[in-house]
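Shown next: upload-v9.pdb, containing PDB, C-alpha atoms and all ligand atoms.
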ATOM      1  CA  MET A   1    -119.778  72.414-127.104
ATOM      2  CA  ASN A   2    -121.195  70.778-130.217
ATOM      3  CA  LYS A   3    -120.149  67.644-132.028
ATOM      4  CA  ILE A   4    -119.679  67.119-135.764
ATOM      5  CA  ILE A   5    -121.494  63.927-136.660
ATOM      6  CA  LYS A   6    -121.133  63.939-140.423
ATOM      7  CA  SER A   7    -119.200  65.775-143.062
ATOM      8  CA  HIS A   8    -119.925  65.911-146.753
ATOM      9  CA  ARG A   9    -118.436  68.182-149.408
ATOM     10  CA  GLY A  10    -117.467  70.930-147.010
ATOM     11  CA  ILE A  11    -120.768  70.863-145.131
ATOM     12  CA  TYR A  12    -120.562  69.793-141.518
ATOM     13  CA  TYR A  13    -123.549  68.313-139.745
ATOM     14  CA  VAL A  14    -123.275  69.580-136.199
ATOM     15  CA  GLU A  15    -125.285  68.363-133.250
ATOM     16  CA  ASN A  16    -127.044  71.127-131.387
ATOM     17  CA  LYS A  17    -129.248  69.818-128.565
ATOM     18  CA  ASN A  18    -131.752  67.672-130.446
ATOM     19  CA  ASP A  19    -131.147  69.316-133.791
ATOM     20  CA  ILE A  20    -128.603  68.926-136.538
ATOM     21  CA  VAL A  21    -127.253  72.194-137.899
ATOM     22  CA  LEU A  22    -125.739  72.261-141.384
ATOM     23  CA  SER A  23    -122.601  74.314-141.034
ATOM     24  CA  LYS A  24    -119.578  75.628-142.803
ATOM     25  CA  ALA A  25    -116.114  76.067-141.415
ATOM     26  CA  ARG A  26    -114.682  79.533-141.177
ATOM     27  CA  GLY A  27    -111.873  80.346-143.556
ATOM     28  CA  VAL A  28    -109.415  80.588-140.725
ATOM     29  CA  PHE A  29    -109.124  76.787-140.575
ATOM     30  CA  ARG A  30    -108.402  76.491-144.252
ATOM     31  CA  ASN A  31    -105.576  78.949-143.899
ATOM     32  CA  GLN A  32    -104.103  76.926-141.065
ATOM     33  CA  ASN A  33    -104.556  73.695-142.988
ATOM     34  CA  ILE A  34    -106.856  72.314-140.299
ATOM     35  CA  LYS A  35    -109.962  70.543-141.454
ATOM     36  CA  PRO A  36    -112.794  69.756-139.098
ATOM     37  CA  VAL A  37    -113.551  66.026-138.984
ATOM     38  CA  VAL A  38    -116.347  63.849-137.692
ATOM     39  CA  GLY A  39    -116.090  63.574-133.921
ATOM     40  CA  ASP A  40    -114.679  67.060-133.506
ATOM     41  CA  ASN A  41    -116.094  69.114-130.692
ATOM     42  CA  VAL A  42    -116.591  72.612-131.996
ATOM     43  CA  LYS A  43    -117.807  76.053-131.121
ATOM     44  CA  LEU A  44    -120.877  76.668-133.253
ATOM     45  CA  PHE A  45    -122.571  79.902-134.217
ATOM     46  CA  ILE A  46    -126.042  79.881-135.697
ATOM     47  CA  ASN A  47    -126.900  82.272-138.516
ATOM     48  CA  ASP A  48    -130.302  83.939-138.865
ATOM     49  CA  ASP A  49    -131.263  81.441-141.557
ATOM     50  CA  GLY A  50    -130.650  78.499-139.237
ATOM     51  CA  THR A  51    -127.407  77.341-140.807
ATOM     52  CA  GLY A  52    -124.269  77.419-138.745
ATOM     53  CA  TYR A  53    -120.625  78.141-138.894
ATOM     54  CA  ILE A  54    -117.799  76.586-136.988
ATOM     55  CA  ASP A  55    -115.599  79.066-135.261
ATOM     56  CA  GLU A  56    -113.282  76.881-133.286
ATOM     57  CA  ILE A  57    -112.255  73.245-133.004
ATOM     58  CA  TYR A  58    -111.598  72.155-129.461
ATOM     59  CA  GLU A  59    -108.477  70.195-128.686
ATOM     60  CA  ARG A  60    -108.628  66.636-129.945
ATOM     61  CA  LYS A  61    -108.168  63.721-127.563
ATOM     62  CA  ASN A  62    -106.970  61.670-130.502
ATOM     63  CA  GLN A  63    -107.227  61.649-134.240
ATOM     64  CA  LEU A  64    -107.145  59.112-137.054
ATOM     65  CA  ILE A  65    -106.410  59.720-140.690
ATOM     66  CA  ARG A  66    -108.157  56.631-141.955
ATOM     67  CA  PRO A  67    -111.003  57.135-141.486
ATOM     68  CA  PRO A  68    -110.671  60.877-140.784
ATOM     69  CA  ILE A  69    -112.189  61.127-137.304
ATOM     70  CA  ALA A  70    -111.345  62.506-133.900
ATOM     71  CA  ASN A  71    -112.094  61.917-130.237
ATOM     72  CA  ILE A  72    -112.972  58.262-130.375
ATOM     73  CA  ASP A  73    -112.727  55.737-127.552
ATOM     74  CA  GLN A  74    -112.133  52.643-129.626
ATOM     75  CA  VAL A  75    -112.031  51.162-133.094
ATOM     76  CA  VAL A  76    -113.783  47.926-133.853
ATOM     77  CA  VAL A  77    -111.909  46.419-136.784
ATOM     78  CA  VAL A  78    -114.086  44.175-138.940
ATOM     79  CA  MET A  79    -112.476  41.566-141.180
ATOM     80  CA  SER A  80    -113.966  38.714-143.150
ATOM     81  CA  ILE A  81    -111.855  35.618-143.632
ATOM     82  CA  VAL A  82    -113.288  34.915-147.065
ATOM     83  CA  SER A  83    -115.382  37.035-149.441
ATOM     84  CA  PRO A  84    -113.359  39.227-149.424
ATOM     85  CA  ASN A  85    -110.350  37.122-148.440
ATOM     86  CA  ILE A  86    -108.464  38.313-145.413
ATOM     87  CA  ASN A  87    -105.231  40.200-145.947
ATOM     88  CA  LEU A  88    -103.195  39.807-142.769
ATOM     89  CA  ASN A  89    -100.627  42.342-143.888
ATOM     90  CA  LEU A  90    -103.344  44.962-144.230
ATOM     91  CA  LEU A  91    -104.759  44.003-140.836
ATOM     92  CA  ASP A  92    -101.337  44.288-139.193
ATOM     93  CA  ARG A  93    -100.712  47.669-140.793
ATOM     94  CA  TYR A  94    -104.044  48.890-139.581
ATOM     95  CA  LEU A  95    -103.399  47.623-136.059
ATOM     96  CA  LEU A  96    -100.012  49.329-136.176
ATOM     97  CA  MET A  97    -101.667  52.628-137.021
ATOM     98  CA  LEU A  98    -104.233  52.268-134.239
ATOM     99  CA  GLU A  99    -101.646  51.249-131.661
ATOM    100  CA  LYS A 100     -99.536  54.239-132.593
ATOM    101  CA  SER A 101    -102.593  56.439-132.083
ATOM    102  CA  LYS A 102    -103.153  54.800-128.679
ATOM    103  CA  ILE A 103    -106.697  53.819-129.512
ATOM    104  CA  ASP A 104    -108.368  50.764-127.972
ATOM    105  CA  ILE A 105    -108.955  47.972-130.440
ATOM    106  CA  LYS A 106    -111.429  45.147-130.765
ATOM    107  CA  ILE A 107    -111.608  42.800-133.738
ATOM    108  CA  ILE A 108    -114.699  41.210-135.242
ATOM    109  CA  PHE A 109    -114.047  38.350-137.643
ATOM    110  CA  ASN A 110    -117.202  38.371-139.710
ATOM    111  CA  LYS A 111    -118.918  35.977-142.138
ATOM    112  CA  ILE A 112    -117.841  32.912-140.189
ATOM    113  CA  ASP A 113    -120.847  31.144-141.765
ATOM    114  CA  LEU A 114    -118.692  30.910-144.897
ATOM    115  CA  LEU A 115    -115.976  28.879-143.157
ATOM    116  CA  VAL A 116    -116.467  25.196-143.798
ATOM    117  CA  ASN A 117    -113.608  23.810-141.709
ATOM    118  CA  ASP A 118    -111.051  24.770-139.080
ATOM    119  CA  ASP A 119    -108.424  25.896-141.568
ATOM    120  CA  PHE A 120    -108.633  29.478-140.386
ATOM    121  CA  ASN A 121    -108.542  28.952-136.635
ATOM    122  CA  TYR A 122    -104.860  29.842-136.654
ATOM    123  CA  ILE A 123    -105.842  33.417-137.543
ATOM    124  CA  PHE A 124    -108.118  33.746-134.534
ATOM    125  CA  ASP A 125    -105.353  32.288-132.359
ATOM    126  CA  ILE A 126    -102.750  34.781-133.585
ATOM    127  CA  TYR A 127    -104.766  37.798-132.511
ATOM    128  CA  ARG A 128    -106.229  36.204-129.396
ATOM    129  CA  ASN A 129    -102.729  35.289-128.201
ATOM    130  CA  ILE A 130    -101.517  38.848-128.673
ATOM    131  CA  GLY A 131    -104.269  39.854-126.277
ATOM    132  CA  TYR A 132    -106.795  41.478-128.569
ATOM    133  CA  ASP A 133    -110.475  41.052-127.792
ATOM    134  CA  ILE A 134    -111.735  39.121-130.763
ATOM    135  CA  PHE A 135    -115.301  38.244-131.682
ATOM    136  CA  LEU A 136    -116.550  35.811-134.289
ATOM    137  CA  ASN A 137    -119.753  36.833-135.998
ATOM    138  CA  SER A 138    -122.150  35.847-138.715
ATOM    139  CA  ASN A 139    -125.071  37.933-139.837
ATOM    140  CA  LYS A 140    -126.637  34.926-141.529
ATOM    141  CA  ASP A 141    -127.801  33.320-138.319
ATOM    142  CA  SER A 142    -130.474  34.548-135.944
ATOM    143  CA  LYS A 143    -128.383  34.311-132.789
ATOM    144  CA  SER A 144    -128.713  37.180-130.348
ATOM    145  CA  LYS A 145    -126.234  39.999-130.872
ATOM    146  CA  GLU A 146    -126.525  41.219-127.272
ATOM    147  CA  TYR A 147    -122.951  40.283-126.432
ATOM    148  CA  LEU A 148    -121.740  42.359-129.372
ATOM    149  CA  LYS A 149    -123.950  45.265-128.407
ATOM    150  CA  GLU A 150    -122.169  45.408-125.070
ATOM    151  CA  ILE A 151    -118.820  46.289-126.563
ATOM    152  CA  PHE A 152    -120.290  49.552-127.838
ATOM    153  CA  ASN A 153    -121.871  50.629-124.541
ATOM    154  CA  ASN A 154    -121.019  54.123-123.299
ATOM    155  CA  LYS A 155    -118.299  54.624-125.886
ATOM    156  CA  ILE A 156    -117.633  56.412-129.126
ATOM    157  CA  THR A 157    -116.710  53.607-131.486
ATOM    158  CA  ALA A 158    -115.531  53.723-135.066
ATOM    159  CA  VAL A 159    -116.166  50.600-137.108
ATOM    160  CA  ALA A 160    -113.469  50.163-139.735
ATOM    161  CA  GLY A 161    -112.201  47.556-142.166
ATOM    162  CA  PRO A 162    -111.975  46.720-145.867
ATOM    163  CA  SER A 163    -114.927  47.246-148.169
ATOM    164  CA  GLY A 164    -117.429  44.413-148.281
ATOM    165  CA  VAL A 165    -116.503  42.698-145.011
ATOM    166  CA  GLY A 166    -119.912  43.512-143.566
ATOM    167  CA  LYS A 167    -119.375  46.514-141.325
ATOM    168  CA  SER A 168    -122.730  48.124-142.084
ATOM    169  CA  THR A 169    -124.586  44.788-142.110
ATOM    170  CA  THR A 170    -123.160  43.931-138.694
ATOM    171  CA  LEU A 171    -124.187  47.295-137.263
ATOM    172  CA  ASN A 172    -127.682  46.848-138.699
ATOM    173  CA  SER A 173    -128.015  43.458-137.076
ATOM    174  CA  ILE A 174    -126.801  44.680-133.676
ATOM    175  CA  PHE A 175    -128.854  47.886-133.656
ATOM    176  CA  GLU A 176    -132.173  47.124-135.299
ATOM    177  CA  ASP A 177    -133.185  50.723-135.975
ATOM    178  CA  LEU A 178    -130.127  51.723-137.964
ATOM    179  CA  ASP A 179    -130.952  50.771-141.551
ATOM    180  CA  LEU A 180    -127.506  51.538-142.972
ATOM    181  CA  ASP A 181    -126.914  50.954-146.669
ATOM    182  CA  THR A 182    -125.264  47.646-147.436
ATOM    183  CA  GLY A 183    -123.921  46.323-150.697
ATOM    184  CA  LEU A 184    -122.993  43.217-152.528
ATOM    185  CA  ILE A 185    -119.594  41.766-153.193
ATOM    186  CA  SER A 186    -118.486  42.028-156.803
ATOM    187  CA  LYS A 187    -118.655  38.535-158.341
ATOM    188  CA  LYS A 188    -115.662  39.248-160.508
ATOM    189  CA  THR A 189    -113.192  40.774-158.053
ATOM    190  CA  GLN A 190    -114.672  39.313-154.856
ATOM    191  CA  ARG A 191    -114.322  42.738-153.315
ATOM    192  CA  GLY A 192    -116.751  45.123-151.715
ATOM    193  CA  LYS A 193    -118.247  47.889-153.776
ATOM    194  CA  HIS A 194    -117.681  50.773-151.378
ATOM    195  CA  THR A 195    -121.322  51.031-150.450
ATOM    196  CA  THR A 196    -120.706  53.300-147.455
ATOM    197  CA  ARG A 197    -119.296  56.514-148.840
ATOM    198  CA  THR A 198    -119.306  58.966-145.983
ATOM    199  CA  VAL A 199    -118.112  58.829-142.414
ATOM    200  CA  LYS A 200    -121.219  59.083-140.303
ATOM    201  CA  MET A 201    -121.671  59.181-136.573
ATOM    202  CA  LEU A 202    -124.815  57.568-135.224
ATOM    203  CA  LYS A 203    -126.160  58.347-131.823
ATOM    204  CA  ILE A 204    -127.413  55.291-129.966
ATOM    205  CA  ASN A 205    -127.976  57.127-126.680
ATOM    206  CA  GLU A 206    -126.501  60.052-124.751
ATOM    207  CA  THR A 207    -123.216  58.255-124.141
ATOM    208  CA  THR A 208    -123.019  55.799-127.023
ATOM    209  CA  TYR A 209    -122.056  56.756-130.554
ATOM    210  CA  ILE A 210    -121.120  54.590-133.491
ATOM    211  CA  ILE A 211    -119.272  55.672-136.588
ATOM    212  CA  ASP A 212    -119.815  53.611-139.726
ATOM    213  CA  THR A 213    -116.987  54.229-142.171
ATOM    214  CA  PRO A 214    -116.229  53.494-145.816
ATOM    215  CA  GLY A 215    -114.023  50.474-146.408
ATOM    216  CA  PHE A 216    -110.398  50.777-147.445
ATOM    217  CA  SER A 217    -108.304  48.371-149.472
ATOM    218  CA  SER A 218    -104.804  49.569-148.686
ATOM    219  CA  LEU A 219    -102.970  51.696-146.161
ATOM    220  CA  ASP A 220     -99.758  53.513-146.957
ATOM    221  CA  LEU A 221     -97.138  54.076-144.312
ATOM    222  CA  THR A 222     -97.044  57.873-144.296
ATOM    223  CA  PHE A 223     -98.469  57.873-140.768
ATOM    224  CA  ILE A 224     -95.141  56.564-139.462
ATOM    225  CA  GLU A 225     -92.823  59.329-138.353
ATOM    226  CA  ASP A 226     -89.955  57.294-137.000
ATOM    227  CA  ARG A 227     -88.643  53.868-137.986
ATOM    228  CA  SER A 228     -88.764  52.531-134.451
ATOM    229  CA  GLU A 229     -92.495  53.172-134.220
ATOM    230  CA  ILE A 230     -93.019  49.998-136.211
ATOM    231  CA  LYS A 231     -91.372  47.630-133.733
ATOM    232  CA  ASP A 232     -92.726  49.571-130.781
ATOM    233  CA  ASN A 233     -96.307  49.126-131.968
ATOM    234  CA  PHE A 234     -96.200  45.417-132.672
ATOM    235  CA  VAL A 235     -97.443  45.103-129.117
ATOM    236  CA  GLU A 236     -96.470  41.498-128.464
ATOM    237  CA  PHE A 237     -92.802  42.319-129.189
ATOM    238  CA  LYS A 238     -92.505  44.346-126.001
ATOM    239  CA  GLU A 239     -92.205  41.413-123.626
ATOM    240  CA  PHE A 240     -89.543  39.647-125.673
ATOM    241  CA  SER A 241     -87.476  42.617-126.787
ATOM    242  CA  ALA A 242     -86.154  42.789-123.218
ATOM    243  CA  ASN A 243     -84.115  39.720-124.222
ATOM    244  CA  CYS A 244     -82.436  41.428-127.165
ATOM    245  CA  LYS A 245     -78.723  41.967-126.694
ATOM    246  CA  PHE A 246     -78.806  45.378-128.310
ATOM    247  CA  HIS A 247     -80.932  48.032-126.766
ATOM    248  CA  ASN A 248     -82.008  49.440-130.121
ATOM    249  CA  CYS A 249     -82.457  46.077-131.834
ATOM    250  CA  PHE A 250     -84.675  46.096-134.937
ATOM    251  CA  HIS A 251     -84.956  42.301-134.813
ATOM    252  CA  ILE A 252     -83.635  41.729-138.320
ATOM    253  CA  ASN A 253     -79.943  40.766-138.541
ATOM    254  CA  GLU A 254     -78.801  41.524-135.029
ATOM    255  CA  PRO A 255     -77.352  38.627-133.009
ATOM    256  CA  SER A 256     -79.023  37.471-129.771
ATOM    257  CA  CYS A 257     -82.416  38.845-130.663
ATOM    258  CA  GLY A 258     -85.281  38.110-128.269
ATOM    259  CA  ILE A 259     -87.884  38.516-130.978
ATOM    260  CA  LYS A 260     -86.283  36.085-133.419
ATOM    261  CA  GLU A 261     -85.881  33.622-130.552
ATOM    262  CA  ALA A 262     -89.563  34.020-129.632
ATOM    263  CA  VAL A 263     -90.592  33.427-133.253
ATOM    264  CA  LYS A 264     -88.480  30.263-133.295
ATOM    265  CA  LEU A 265     -90.141  29.039-130.112
ATOM    266  CA  GLY A 266     -93.593  29.906-131.433
ATOM    267  CA  ASP A 267     -94.223  32.580-128.805
ATOM    268  CA  ILE A 268     -94.549  35.190-131.540
ATOM    269  CA  SER A 269     -96.468  34.305-134.700
ATOM    270  CA  ASP A 270     -94.258  34.025-137.773
ATOM    271  CA  TYR A 271     -97.051  35.657-139.805
ATOM    272  CA  ARG A 272     -96.820  38.703-137.609
ATOM    273  CA  TYR A 273     -93.038  38.712-137.676
ATOM    274  CA  ASN A 274     -93.010  38.461-141.481
ATOM    275  CA  ASN A 275     -95.459  41.320-141.761
ATOM    276  CA  TYR A 276     -93.261  43.319-139.425
ATOM    277  CA  LYS A 277     -90.283  42.716-141.726
ATOM    278  CA  LEU A 278     -92.291  43.591-144.849
ATOM    279  CA  ILE A 279     -93.587  46.799-143.325
ATOM    280  CA  LEU A 280     -90.116  47.820-142.139
ATOM    281  CA  GLU A 281     -88.665  47.091-145.590
ATOM    282  CA  GLU A 282     -91.364  49.117-147.287
ATOM    283  CA  TYR A 283     -90.861  51.987-144.878
ATOM    284  CA  ASP A 284     -87.103  51.961-145.548
ATOM    285  CA  SER A 285     -87.616  51.916-149.298
ATOM    286  CA  ILE A 286     -89.958  54.915-149.144
ATOM    287  CA  ARG A 287     -87.583  56.860-146.945
ATOM    288  CA  ARG A 288     -84.618  56.212-149.204
ATOM    289  CA  TYR A 289     -86.141  58.113-152.116
TER
HETATM  290  N1  LIG B   1    -122.231  35.283-145.716
HETATM  291  C1  LIG B   1    -122.264  36.450-145.076
HETATM  292  N2  LIG B   1    -122.408  37.600-145.760
HETATM  293  C2  LIG B   1    -122.414  38.759-145.071
HETATM  294  C3  LIG B   1    -122.258  38.810-143.661
HETATM  295  N3  LIG B   1    -122.275  40.105-143.272
HETATM  296  C4  LIG B   1    -122.436  40.836-144.385
HETATM  297  N4  LIG B   1    -122.525  40.046-145.479
HETATM  298  C5  LIG B   1    -122.701  40.469-146.880
HETATM  299  O1  LIG B   1    -121.538  41.150-147.333
HETATM  300  C6  LIG B   1    -121.882  42.163-148.284
HETATM  301  C7  LIG B   1    -121.237  43.493-147.911
HETATM  302  O2  LIG B   1    -121.768  43.944-146.682
HETATM  303  P1  LIG B   1    -121.676  45.471-146.197
HETATM  304  O3  LIG B   1    -122.266  45.502-144.832
HETATM  305  O4  LIG B   1    -122.210  46.399-147.204
HETATM  306  O5  LIG B   1    -120.090  45.665-146.112
HETATM  307  P2  LIG B   1    -119.287  46.975-145.611
HETATM  308  O6  LIG B   1    -118.132  46.448-144.820
HETATM  309  O7  LIG B   1    -120.176  47.922-144.926
HETATM  310  O8  LIG B   1    -118.738  47.553-146.999
HETATM  311  P3  LIG B   1    -118.400  49.104-147.405
HETATM  312  O9  LIG B   1    -119.515  49.951-146.959
HETATM  313  O10 LIG B   1    -118.230  49.047-148.888
HETATM  314  O11 LIG B   1    -117.102  49.428-146.736
HETATM  315  C8  LIG B   1    -123.402  42.205-148.298
HETATM  316  O12 LIG B   1    -123.851  41.474-149.423
HETATM  317  C9  LIG B   1    -123.798  41.510-147.019
HETATM  318  O13 LIG B   1    -125.058  40.879-147.105
HETATM  319  C10 LIG B   1    -122.119  37.566-142.954
HETATM  320  O14 LIG B   1    -121.970  37.502-141.735
HETATM  321  N5  LIG B   1    -122.118  36.425-143.713
HETATM  322 MG    MG B   2    -120.683  49.908-145.289
HETATM  323 ZN    ZN B   3     -84.222  41.987-131.372
END

Mind turning this structure into structure tokens?
Ligand SMILES: Nc1nc2c(ncn2[C@@H]2O[C@H](COP(=O)(O)OP(=O)(O)OP(=O)(O)O)[C@@H](O)[C@H]2O)c(=O)[nH]1
Ligand SMILES: [Mg+2]
Ligand SMILES: [Zn+2]
Amino acid sequence: MNKIIKSHRGIYYVENKNDIVLSKARGVFRNQNIKPVVGDNVKLFINDDGTGYIDEIYERKNQLIRPPIANIDQVVVVMSIVSPNINLNLLDRYLLMLEKSKIDIKIIFNKIDLLVNDDFNYIFDIYRNIGYDIFLNSNKDSKSKEYLKEIFNNKITAVAGPSGVGKSTTLNSIFEDLDLDTGLISKKTQRGKHTTRTVKMLKINETTYIIDTPGFSSLDLTFIEDRSEIKDNFVEFKEFSANCKFHNCFHINEPSCGIKEAVKLGDISDYRYNNYKLILEEYDSIRRY
């Protein structure tokens, strides 16, 4: 069994013992509309000239579309609060997608050196209260990153988030040997410049892999197959939806709704609830046409 660690323009970089074999996929996949992705475990054949071809993709444990990867243990979502400014709707959409894919999630809030007061603590509280493991980080100080290193131990981890939040910089500061490309934030738009352009898997040791990924700035809802997946994957709703009068309550206009009650009491964040409503509305408007 061999693992694809990078893919670029139809060439797959496949691990083979201590070597990397540049490989192509056999036409049979293209016909079936299956594309090998980084993280795939494949059956590899080596040609006389040392290049390879992929003959078979082994069954995937899980799979993400953004970034396109397979067989990961967790996603570390990186967000900056400012520069670029945080977009909680985008974060909640992304969490929704990961929860639906049943992938473990950790969140790093990066660039906390840029926060001059406590105005943003409410954001940390929202996600901490839901139960997510959250970490606050700055790459501008010289504090030890050992505690961050630990979250990657013995796992295959994808690091994802918008462009410019500092995904590659953070990985460089945790793992000194990495030397990933990092970029600047555009002065004009205050956004990242998409410095990381390919999905690349980095081997830290036999059991630890990290995948640095290009940033994204939006996420459409095509990954949702059924309307109820939205409420089911706002994980903190679960506990309170037991109090809804109607079994299939969508927590919008129904009477005696446990979720609306919990929002009123402050047990569910109104930011999260509003994002839930916006996402549901958007999903309905797409499905109508
Ligand atoms: N102030 C501050 N700046 C940071 C921090 N971490 C990263 N940066 C800066 O943010 C900019 C973007 O960092 P990158 O690591 O390239 O961001 P990225 O998330 O990998 O971006 P893409 O590859 O485009 O998705 C660089 O100028 C970094 O120096 C931090 O903790 N504090
Ligand atoms: Mg990057
Ligand atoms: Zn309800």

Considering all atoms listed in the file, give me a table of residues in chain A that are at most 6 Å from ligand ZN 3 (chain B), with the closest atom pair and distance in Å for each, as CSV.
residue,atom,partner,partner_atom,distance
A:Ser241,CA,B:ZN3,ZN,5.7
A:Cys244,CA,B:ZN3,ZN,4.6
A:Cys249,CA,B:ZN3,ZN,4.5
A:Phe250,CA,B:ZN3,ZN,5.5
A:His251,CA,B:ZN3,ZN,3.5
A:Cys257,CA,B:ZN3,ZN,3.7
A:Gly258,CA,B:ZN3,ZN,5.1
A:Ile259,CA,B:ZN3,ZN,5.1

Matched chain/residue IDs from the PyMOL selection byres (((not hetatm)) within 7 of (chain B and resi 1)), as a PyMOL selection string: chain A and resi 110-114+137-140+161-170+181-185+192-197+213-216

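Evaluated against the shown file, the PyMOL selection byres (((chain A and resi 287) around 12) and not hetatm) gives Leu221, Thr222, Ile224, Glu225, Asp226, Arg227, Leu280, Glu281, Glu282, Tyr283, Asp284, Ser285, Ile286, Arg288 and Tyr289 of chain A.
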
Identify all residues satisfying the PyMOL selection byres (((chain A and resi 24-26) around 8) and not hetatm) in the given file; provide them as a list in words. Gly10, Ile11, Tyr12, Leu22, Ser23, Gly27, Val28, Phe29, Arg30, Pro36, Gly52, Tyr53, Ile54 and Asp55 of chain A

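Look at Thr157 (chain A): the protein and nucleic acid residues within 8 Å of it, using only C-alpha atoms and passing over chain neighbours fewer than 6 places away, are Ile72, Asp73, Gln74, Val75, Val76, Tyr209, Ile210 and Ile211 of chain A.
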
Min atom-atom distance to Gln63 (chain A) from the set A:Thr198, A:Phe223, A:Asn253, A:Arg191, counting all atoms listed in the file, belongs to A:Phe223

Distance CA of Asp177 (chain A)-CA of Thr208 (chain A), one decimal place? 14.5 Å

In terms of all atoms listed in the file, the residue from A:Lys260, A:Lys200, A:Arg272, A:Lys238 at minimal distance from ligand MG 2 (chain B) is A:Lys200
